[in-house]
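Trainee: Just protein-v3.txt, nothing more (compact mmCIF, C-alpha atoms):
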```txt
# COMPACT_ATOMS: atom_id res chain seq x y z
CA ALA A 1 -21.19 8.36 40.29
CA GLN A 2 -18.80 7.77 43.14
CA THR A 3 -17.85 10.57 45.51
CA VAL A 4 -15.10 10.84 48.10
CA THR A 5 -15.31 13.32 50.98
CA GLN A 6 -12.50 14.47 53.24
CA SER A 7 -13.95 16.80 55.84
CA GLN A 8 -10.66 17.93 57.40
CA PRO A 9 -8.92 20.55 55.22
CA GLU A 10 -6.00 20.69 57.65
CA MET A 11 -4.69 18.67 60.58
CA SER A 12 -1.79 19.36 62.90
CA VAL A 13 0.07 16.88 65.11
CA GLN A 14 3.13 16.91 67.31
CA GLU A 15 6.11 14.88 66.13
CA ALA A 16 5.99 11.29 67.48
CA GLU A 17 2.24 11.54 68.18
CA THR A 18 -0.60 9.76 66.40
CA VAL A 19 -3.03 11.39 64.01
CA THR A 20 -6.12 10.12 62.20
CA LEU A 21 -7.34 11.47 58.86
CA SER A 22 -10.98 10.90 57.94
CA CYS A 23 -12.55 9.89 54.65
CA THR A 24 -16.06 8.88 53.64
CA TYR A 25 -17.21 7.75 50.24
CA ASP A 26 -20.39 6.98 48.40
CA THR A 27 -20.83 4.14 45.93
CA SER A 28 -23.41 1.63 44.81
CA GLU A 29 -20.78 -0.96 43.96
CA SER A 30 -19.85 -3.86 46.18
CA ASP A 31 -16.30 -4.44 44.94
CA TYR A 32 -13.75 -1.64 44.88
CA TYR A 33 -10.40 -0.44 46.14
CA LEU A 34 -9.66 2.43 48.48
CA PHE A 35 -6.35 4.24 48.72
CA TRP A 36 -4.52 6.88 50.64
CA TYR A 37 -2.02 8.93 48.64
CA LYS A 38 0.56 11.40 49.90
CA GLN A 39 1.41 14.47 47.84
CA PRO A 40 4.47 16.44 49.03
CA PRO A 41 5.36 19.85 47.57
CA SER A 42 7.11 18.05 44.70
CA ARG A 43 3.54 17.25 43.53
CA GLN A 44 4.19 13.57 42.88
CA MET A 45 1.44 11.32 44.22
CA ILE A 46 2.86 8.55 46.37
CA LEU A 47 0.77 5.53 47.36
CA VAL A 48 0.66 5.14 51.14
CA ILE A 49 -1.74 2.26 51.62
CA ARG A 50 -4.56 0.43 49.87
CA GLN A 51 -7.57 -1.60 50.96
CA GLU A 52 -9.63 -4.09 48.98
CA ALA A 53 -13.32 -3.83 49.87
CA TYR A 54 -13.75 -7.61 50.02
CA LYS A 55 -11.13 -7.90 52.75
CA GLN A 56 -12.42 -7.44 56.27
CA GLN A 57 -8.95 -7.09 57.74
CA ASN A 58 -7.68 -3.53 57.89
CA ALA A 59 -4.54 -2.85 55.88
CA THR A 60 -1.30 -1.90 57.65
CA GLU A 61 1.99 -0.59 56.26
CA ASN A 62 4.56 0.09 58.96
CA ARG A 63 3.39 3.26 60.80
CA PHE A 64 0.30 3.61 58.59
CA SER A 65 -2.94 1.75 59.15
CA VAL A 66 -6.55 2.15 58.11
CA ASN A 67 -9.90 1.70 59.75
CA PHE A 68 -12.20 0.45 57.01
CA GLN A 69 -15.90 0.40 57.85
CA LYS A 70 -17.66 -0.86 54.72
CA ALA A 71 -21.22 -0.50 55.97
CA ALA A 72 -20.57 3.06 57.08
CA LYS A 73 -18.53 3.78 53.92
CA SER A 74 -15.74 5.15 56.04
CA PHE A 75 -12.00 4.80 55.45
CA SER A 76 -9.72 6.60 57.90
CA LEU A 77 -5.92 6.69 57.95
CA LYS A 78 -3.97 6.48 61.19
CA ILE A 79 -0.36 7.62 61.25
CA SER A 80 1.56 6.50 64.32
CA ASP A 81 4.81 8.03 65.57
CA SER A 82 4.44 11.00 63.21
CA GLN A 83 7.66 12.19 61.58
CA LEU A 84 8.58 15.50 59.99
CA GLY A 85 8.73 13.74 56.61
CA ASP A 86 5.05 12.86 56.90
CA ALA A 87 4.08 16.49 56.33
CA ALA A 88 2.18 16.67 53.03
CA MET A 89 -1.28 16.69 51.46
CA TYR A 90 -3.07 13.38 51.93
CA PHE A 91 -5.73 12.27 49.49
CA CYS A 92 -8.27 9.52 49.90
CA ALA A 93 -9.15 7.82 46.61
CA TYR A 94 -11.64 5.27 45.29
CA ARG A 95 -11.38 2.89 42.36
CA GLY A 96 -14.21 0.67 41.25
CA LEU A 97 -13.99 -2.84 39.85
CA TYR A 98 -16.39 -2.50 36.97
CA SER A 99 -17.65 -5.56 35.15
CA GLY A 100 -17.90 -3.72 31.85
CA GLY A 101 -15.74 -1.27 29.94
CA GLY A 102 -15.03 2.32 30.87
CA ALA A 103 -12.47 4.18 32.87
CA ASP A 104 -10.92 2.63 35.93
CA GLY A 105 -9.18 5.77 37.11
CA LEU A 106 -9.19 7.09 40.65
CA THR A 107 -11.80 9.36 42.22
CA PHE A 108 -10.09 11.60 44.75
CA GLY A 109 -11.24 13.60 47.75
CA LYS A 110 -10.19 17.23 48.21
CA GLY A 111 -7.33 16.33 50.49
CA THR A 112 -6.13 17.02 54.02
CA HIS A 113 -3.06 19.13 54.66
CA LEU A 114 -1.07 17.45 57.43
CA ILE A 115 1.28 19.62 59.47
CA ILE A 116 3.86 18.05 61.77
CA GLN A 117 4.91 20.25 64.70
CA PRO A 118 8.50 19.59 65.86
CA GLU B 1 13.22 1.45 37.29
CA ALA B 2 12.58 4.87 35.80
CA GLY B 3 9.35 6.56 36.87
CA VAL B 4 6.75 8.45 34.90
CA ALA B 5 8.39 11.42 33.20
CA GLN B 6 6.55 14.65 32.46
CA SER B 7 7.62 17.89 30.86
CA PRO B 8 7.68 20.77 31.23
CA ARG B 9 7.50 21.15 35.03
CA TYR B 10 6.12 24.67 34.76
CA LYS B 11 4.43 26.68 32.04
CA ILE B 12 3.01 30.18 32.00
CA ILE B 13 0.93 31.30 29.02
CA GLU B 14 -1.56 34.00 28.18
CA LYS B 15 -5.21 33.15 27.72
CA ARG B 16 -6.14 32.09 24.19
CA GLN B 17 -2.64 30.71 23.60
CA SER B 18 -2.00 27.01 23.10
CA VAL B 19 0.12 24.67 25.22
CA ALA B 20 1.18 21.02 25.13
CA PHE B 21 2.30 18.66 27.86
CA TRP B 22 4.29 15.49 27.37
CA CYS B 23 4.25 12.24 29.34
CA ASN B 24 6.49 9.19 29.10
CA PRO B 25 5.05 6.31 31.15
CA ILE B 26 6.96 3.52 32.83
CA SER B 27 8.25 1.06 30.26
CA GLY B 28 5.75 -1.69 29.56
CA HIS B 29 2.79 0.07 31.15
CA ALA B 30 -0.23 -0.31 28.89
CA THR B 31 -2.58 2.06 30.69
CA LEU B 32 -2.03 5.81 30.83
CA TYR B 33 -4.09 8.46 32.61
CA TRP B 34 -4.17 12.26 32.50
CA TYR B 35 -5.52 14.08 35.55
CA GLN B 36 -6.23 17.76 36.17
CA GLN B 37 -5.64 19.05 39.69
CA ILE B 38 -6.99 22.53 40.37
CA LEU B 39 -5.55 24.29 43.41
CA GLY B 40 -7.23 23.12 46.61
CA GLN B 41 -8.83 20.08 45.00
CA GLY B 42 -8.03 16.46 44.35
CA PRO B 43 -7.03 15.31 40.87
CA LYS B 44 -9.80 14.71 38.35
CA LEU B 45 -9.46 12.16 35.57
CA LEU B 46 -9.50 13.73 32.10
CA ILE B 47 -8.71 10.81 29.82
CA GLN B 48 -7.54 7.21 29.99
CA PHE B 49 -5.67 5.27 27.31
CA GLN B 50 -5.22 1.55 26.95
CA ASN B 51 -2.20 1.15 24.66
CA ASN B 52 -2.97 3.70 21.93
CA GLY B 53 -6.76 3.53 22.24
CA VAL B 54 -8.99 5.78 24.34
CA VAL B 55 -10.87 3.99 27.13
CA ASP B 56 -12.70 7.05 28.40
CA ASP B 57 -12.55 10.77 27.68
CA SER B 58 -15.92 11.80 29.07
CA GLN B 59 -14.36 14.42 31.37
CA LEU B 60 -12.15 15.97 28.69
CA PRO B 61 -13.39 19.40 27.45
CA LYS B 62 -13.11 18.42 23.82
CA ASP B 63 -13.75 21.90 22.48
CA ARG B 64 -10.29 22.91 23.68
CA PHE B 65 -8.46 19.85 25.00
CA SER B 66 -7.03 17.03 22.94
CA ALA B 67 -4.80 14.09 23.77
CA GLU B 68 -3.06 11.36 21.88
CA ARG B 69 -0.87 8.39 22.62
CA LEU B 70 1.06 7.48 19.54
CA LYS B 71 2.37 3.91 19.33
CA GLY B 72 0.98 3.20 22.77
CA VAL B 73 3.92 4.77 24.60
CA ASP B 74 4.37 8.55 25.00
CA SER B 75 1.36 10.80 25.28
CA THR B 76 0.69 14.48 24.73
CA LEU B 77 -2.12 16.61 26.13
CA LYS B 78 -2.89 19.86 24.34
CA ILE B 79 -5.00 22.86 25.24
CA GLN B 80 -6.05 25.27 22.48
CA PRO B 81 -7.10 27.96 23.25
CA ALA B 82 -6.35 28.14 26.96
CA LYS B 83 -8.69 29.82 29.44
CA LEU B 84 -7.94 31.24 32.87
CA GLU B 85 -9.77 28.30 34.51
CA ASP B 86 -7.33 25.86 32.93
CA SER B 87 -4.70 26.94 35.46
CA ALA B 88 -3.92 23.70 37.30
CA VAL B 89 -1.42 20.90 37.73
CA TYR B 90 -1.67 18.26 35.02
CA LEU B 91 -0.65 14.83 36.29
CA CYS B 92 0.14 11.81 34.18
CA ALA B 93 -0.03 8.31 35.62
CA SER B 94 0.55 4.83 34.25
CA SER B 95 -0.21 1.28 35.31
CA LEU B 96 0.80 -2.10 34.01
CA ARG B 97 -2.60 -3.14 32.75
CA TYR B 98 -6.26 -2.28 32.61
CA ARG B 99 -8.58 -3.75 35.24
CA GLY B 100 -7.52 -5.89 38.11
CA TYR B 101 -5.29 -4.35 40.67
CA THR B 102 -2.06 -2.84 39.50
CA GLU B 103 -0.62 0.23 41.16
CA ALA B 104 -0.85 3.52 39.30
CA PHE B 105 2.42 5.47 39.32
CA PHE B 106 2.31 9.23 38.99
CA GLY B 107 4.66 11.73 37.44
CA GLN B 108 5.55 15.04 39.08
CA GLY B 109 3.07 16.95 36.98
CA THR B 110 3.12 20.14 34.97
CA ARG B 111 1.97 23.31 36.71
CA LEU B 112 0.14 25.49 34.18
CA THR B 113 -0.60 29.14 34.88
CA VAL B 114 -2.84 30.99 32.43
CA VAL B 115 -2.69 34.78 32.77
```
How would this structure read if it were set down as structure tokens?
Mentor:
Amino acid sequence: AQTVTQSQPEMSVQEAETVTLSCTYDTSESDYYLFWYKQPPSRQMILVIRQEAYKQQNATENRFSVNFQKAAKSFSLKISDSQLGDAAMYFCAYRGLYSGGGADGLTFGKGTHLIIQP
Amino acid sequence: EAGVAQSPRYKIIEKRQSVAFWCNPISGHATLYWYQQILGQGPKLLIQFQNNGVVDDSQLPKDRFSAERLKGVDSTLKIQPAKLEDSAVYLCASSLRYRGYTEAFFGQGTRLTVV
């Protein structure tokens, strides 16, 4: 079974600074997707960024970028120029590309609470 | 485009009572997921539907939880009888199709408190 580990329960950063959230995962599969989701107090999960395991190039979406290290099974999220609206819970998630049937839902980590200091 | 709709937003019940949650996925989305998110943890998949058929329900406590997706659109998740440990946020998500990459869109969830 796949597992996702986020070792930072809480992170704090000054507005306009850069912060990196860590995530490691364990899988025996070679093809999969990795995601970072944001969950504000409204509880709705919002996709921040995704990475396909077969792509060597790290994904980037505006101020958000990832450092994907497949051999190390590491997938960190970097937020540049942090804004007050970035404050939320951030979840790292894994989704396998199975060849057979079965669920293709997400496996989530426990999350990191990101605090933005004005 | 309307998002995933869930109701109610909040529910408080006593243990041993029953409760039902409703989810309306994005129009045209064939795949529907129910997740349970206990406080301080990430969501855990309970059940996945493809149209009106169950793809996987291995994590669903079937002695007390049930779910259905009539006509491959709306879905309901029921708990009967509820236990204190069922207190959690129940999230519904939908995606356009099964397998391959399509983004999963989440609703705002139902926060259940069992007292």
Trainee: Could you list, as a list in words, the residues of chain B having an atom within 8 Å of chain A when counting all atoms listed in the file?
Mentor: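 Result: Tyr33, Gly40, Gln41, Gly42, Pro43, Lys44, Leu45, Gln48, Val55, Asp56, Tyr98, Arg99, Gly100, Phe105, Phe106, Gly107, Gln108 and Gly109 of chain B.
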Trainee: Pro61 of chain B: which residues within 12 Å, counting all atoms listed in the file, same-chain residues fewer than 2 positions away excluded, as a list in words?
Mentor: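 So, after excluding close chain neighbours, the residues are Gln36, Leu45, Leu46, Ile47, Asp57, Ser58, Gln59, Asp63, Arg64, Phe65, Ser66, Ala67, Leu77, Lys78, Ile79, Gln80, Pro81, Ala82, Lys83, Glu85 and Asp86 of chain B.
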Trainee: Rounded to one decimal, what separation in Å do you get between atom CA of Pro40 of chain A and atom CA of Gly72 of chain B?
Mentor: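 Computed distance, atom CA of Pro40 of chain A to atom CA of Gly72 of chain B, equals 29.6 Å.
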Trainee: Report as a ChimeraX atom specification all protein, DNA and RNA residues lying within 12 Å of segment 110-113 of chain B, evaluated on only C-alpha atoms, omitting residues in the same chain fewer than 5 positions from it.
Mentor: /A:41-44 /B:5-15,17-23,34-39,76-79,82-92
Trainee: Provide the atom CA of Gln117 of chain A to atom CA of Lys38 of chain A distance in Å, to one decimal place.
Mentor: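 Computing the Euclidean distance for atom CA of Gln117 of chain A and atom CA of Lys38 of chain A yields 17.8 Å.
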Trainee: From the set A:Ala16, A:Ile49, A:Ile116, A:Ala71, which residue has the shortest atom-to-atom contact distance to Ala88 of chain A, counting all atoms listed in the file?
Mentor: A:Ile116
